[in-house]
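Enquirer: Quick one: this structure, given as structure tokens, is what I'll be asking you about.
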Amino acid sequence: MAGKTDARHVAGIDYTLTRRRVRNINLRVRADGSVAASAAPRVPAALVDAFVASRAGWVRAAQDRAARRARWDAAADAALPDKADALAQMTALCRAYYPQFASTCPGGVFPRIAVRDMHTRWGSCSLKTGTLAFSRRLCVAPRPAQEYVVVHEFCHFAHPDHSPAFWAAVEAVLPDWRRRQQLLR
């Protein structure tokens, strides 16, 4: 039940206030850097303004992150290989790591490799089809980050969750997996 939306400005922050049935005042910075707040109709606008102003530092930091991500995404999209080249690149990388995981792959055979235009994840593992799928954007990430995602997805064949055993399996192959994972953030 979305209600009335107002454009507001406080502490140097432009934001939209939407009235809806919520318990708390909710504040978010969208991927485009715009700021949105939602509050129940009974909450005075001045109270919402004060809430937004009290979180101005967080809002600006989130907007900076969104802007950096947008610039990185634009640069990465411009440099993306076509799907055939991306598939060849990821298949070659998977072949390099396959011997370490052959015994855990379904049927003991090299998995099917797919490349997709995924925007919310770097890779996925399907136990049912024996497929490892990778985001085409991964192809322009640093090589250590690509290797981390490949190992991460291979480890899901043995551990389909993110249990301590899963992370131990990742660490057995890549002791520096945390540093590599940070390259993707």
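Please note that chains go A, B, ... in the order of the structure tokens, that every chain numbers its residues from 1, and that ligands are numbered from 1 in the order shown.
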Hey, what's within 10 Å of Pro106 in chain A if we count only C-alpha atoms and toss same-chain stuff fewer than 2 positions away? As a PyMOL selection string, please?

Expert: chain A and resi 102-104+108-111+127-131+157-158

Enquirer: May I have the selected residues written with C-alpha atoms, as a PDB file, in the first residue's frame?

Expert:
```
ATOM      1  CA  ALA A 102      37.637 -34.286 -10.831  1.00  0.00           C
ATOM      2  CA  SER A 103      36.603 -36.677  -8.061  1.00  0.00           C
ATOM      3  CA  THR A 104      33.870 -34.319  -6.828  1.00  0.00           C
ATOM      4  CA  GLY A 108      33.716 -37.532 -12.547  1.00  0.00           C
ATOM      5  CA  VAL A 109      33.521 -35.655 -15.842  1.00  0.00           C
ATOM      6  CA  PHE A 110      34.487 -32.106 -16.711  1.00  0.00           C
ATOM      7  CA  PRO A 111      31.464 -29.902 -15.999  1.00  0.00           C
ATOM      8  CA  LEU A 127      24.573 -29.927  -9.071  1.00  0.00           C
ATOM      9  CA  LYS A 128      21.572 -31.176 -11.034  1.00  0.00           C
ATOM     10  CA  THR A 129      23.018 -30.397 -14.466  1.00  0.00           C
ATOM     11  CA  GLY A 130      26.715 -30.451 -13.572  1.00  0.00           C
ATOM     12  CA  THR A 131      27.106 -26.890 -14.844  1.00  0.00           C
ATOM     13  CA  PHE A 157      30.123 -29.856  -6.123  1.00  0.00           C
ATOM     14  CA  ALA A 158      31.383 -31.371  -2.855  1.00  0.00           C
TER      15      ALA A 158
END
```

Enquirer: I'd like the contact shell of range 62-64 of chain A - 8 Å cut-off, only C-alpha atoms, skipping same-chain residues fewer than 6 positions apart - returned as a ChimeraX atom specification.

Expert: /A:29,33-34

Enquirer: Env of Thr16 in chain A: 8 Å cut, atoms = only C-alpha atoms, seq-sep filter 5 positions within chain, self excluded. Answer as an NGL selection string.

Expert: :A and (5-8 or 35-37)

Enquirer: Applying 7 Å and only C-alpha atoms, which residues near range 48-61 of chain A remain after dropping the ones on its own chain fewer than 6 positions away? List them as a PyMOL selection string.

Expert: chain A and resi 10-11+25+29

Enquirer: Generate the output file for the selected residues, C-alpha atoms, as a JSON list (two decimals), in the first residue's frame.

Expert:
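Contents of out.json, freshly written:
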```
[["chain", "number", "residue", "atom", "x", "y", "z"],
["A", 10, "VAL", "CA", 17.75, 18.15, 4.29],
["A", 11, "ALA", "CA", 21.43, 18.48, 5.27],
["A", 25, "ILE", "CA", 11.69, 4.85, 9.05],
["A", 29, "VAL", "CA", 20.52, 4.66, -1.41]]
```

Enquirer: Which one of A:His9, A:Arg136, A:Arg69, A:His152 sits closest to Pro81 in chain A if you count only C-alpha atoms?

Expert: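 Among A:His9, A:Arg136, A:Arg69, A:His152, it is A:Arg136 that comes nearest to Pro81 in chain A.
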
Enquirer: Pick out the residues sitting within 12 Å of Pro41 in chain A, and hand them over as a VMD selection string; count only C-alpha atoms, and ignore anything fewer than 4 positions along from it in its own chain.

Expert: chain A and resid 1 to 6 17 to 25 45 47 to 48

Enquirer: Mind listing the alpha helix (DSSP H) residues of chain A, per DSSP on the backbone, as a ChimeraX atom specification?

Expert: /A:45-54,56-79,83-101,143-158,164-173,177-182

Enquirer: Selection from above, C-alpha atoms, as a tab-separated table (two decimals), in the first residue's frame, can you write it?

Expert:
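Contents of result-v6.tsv, as written:
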```tsv
chain	number	residue	atom	x	y	z
A	45	ALA	CA	8.03	14.77	8.06
A	46	ALA	CA	10.28	16.73	10.43
A	47	LEU	CA	11.13	13.50	12.24
A	48	VAL	CA	12.01	11.82	8.93
A	49	ASP	CA	14.14	14.84	7.99
A	50	ALA	CA	15.99	14.57	11.31
A	51	PHE	CA	16.52	10.85	10.73
A	52	VAL	CA	17.96	11.45	7.23
A	53	ALA	CA	20.15	14.31	8.52
A	54	SER	CA	21.51	12.10	11.31
A	56	ALA	CA	24.04	12.10	6.20
A	57	GLY	CA	27.56	10.65	6.47
A	58	TRP	CA	26.30	7.15	5.72
A	59	VAL	CA	24.21	8.46	2.81
A	60	ARG	CA	27.16	10.28	1.22
A	61	ALA	CA	29.43	7.23	1.64
A	62	ALA	CA	26.76	5.01	0.04
A	63	GLN	CA	26.36	7.49	-2.83
A	64	ASP	CA	30.14	7.48	-3.36
A	65	ARG	CA	30.13	3.68	-3.46
A	66	ALA	CA	27.24	3.69	-5.93
A	67	ALA	CA	29.07	6.19	-8.16
A	68	ARG	CA	32.29	4.14	-8.06
A	69	ARG	CA	30.38	0.99	-8.85
A	70	ALA	CA	28.59	2.68	-11.76
A	71	ARG	CA	31.92	3.91	-13.19
A	72	TRP	CA	33.50	0.46	-12.74
A	73	ASP	CA	30.48	-1.25	-14.31
A	74	ALA	CA	30.52	1.14	-17.28
A	75	ALA	CA	34.26	0.59	-17.83
A	76	ALA	CA	33.90	-3.16	-17.38
A	77	ASP	CA	30.92	-3.37	-19.75
A	78	ALA	CA	32.88	-1.48	-22.40
A	79	ALA	CA	35.77	-3.94	-22.09
A	83	LYS	CA	30.27	-14.45	-25.17
A	84	ALA	CA	32.33	-16.88	-27.27
A	85	ASP	CA	35.63	-15.38	-26.08
A	86	ALA	CA	34.37	-15.23	-22.49
A	87	LEU	CA	33.33	-18.89	-22.67
A	88	ALA	CA	36.74	-19.88	-24.04
A	89	GLN	CA	38.49	-17.90	-21.28
A	90	MET	CA	36.43	-19.40	-18.46
A	91	THR	CA	36.63	-22.92	-19.90
A	92	ALA	CA	40.43	-22.70	-20.04
A	93	LEU	CA	40.56	-21.51	-16.44
A	94	CYS	CA	38.24	-24.30	-15.33
A	95	ARG	CA	40.34	-26.89	-17.17
A	96	ALA	CA	43.39	-25.68	-15.23
A	97	TYR	CA	41.64	-26.36	-11.90
A	98	TYR	CA	39.63	-29.43	-12.93
A	99	PRO	CA	42.26	-32.05	-11.96
A	100	GLN	CA	41.96	-30.95	-8.32
A	101	PHE	CA	38.18	-31.39	-8.41
A	143	ARG	CA	43.01	-13.03	-12.63
A	144	PRO	CA	43.29	-13.92	-8.89
A	145	ALA	CA	39.61	-12.98	-8.49
A	146	GLN	CA	38.64	-15.15	-11.47
A	147	GLU	CA	40.53	-18.07	-9.97
A	148	TYR	CA	38.76	-17.56	-6.64
A	149	VAL	CA	35.31	-17.73	-8.28
A	150	VAL	CA	36.25	-20.85	-10.27
A	151	VAL	CA	37.53	-22.63	-7.15
A	152	HIS	CA	34.51	-21.43	-5.15
A	153	GLU	CA	32.10	-22.90	-7.68
A	154	PHE	CA	34.04	-26.17	-8.06
A	155	CYS	CA	33.93	-26.58	-4.25
A	156	HIS	CA	30.13	-26.46	-4.40
A	157	PHE	CA	30.12	-29.86	-6.12
A	158	ALA	CA	31.38	-31.37	-2.86
A	164	PRO	CA	32.76	-24.50	7.45
A	165	ALA	CA	33.64	-27.61	5.40
A	166	PHE	CA	33.01	-25.65	2.20
A	167	TRP	CA	35.30	-22.79	3.25
A	168	ALA	CA	37.94	-25.30	4.38
A	169	ALA	CA	37.84	-26.83	0.88
A	170	VAL	CA	38.27	-23.39	-0.70
A	171	GLU	CA	41.15	-22.60	1.66
A	172	ALA	CA	42.87	-25.90	0.89
A	173	VAL	CA	43.20	-24.80	-2.74
A	177	TRP	CA	40.91	-16.70	-0.84
A	178	ARG	CA	39.82	-13.80	1.41
A	179	ARG	CA	42.19	-11.37	-0.32
A	180	ARG	CA	41.04	-12.64	-3.72
A	181	GLN	CA	37.39	-12.31	-2.71
A	182	GLN	CA	38.01	-8.67	-1.74
```

Enquirer: By how many Å are CA of Leu183 in chain A and CA of Arg28 in chain A apart?

Expert: 24.7 Å
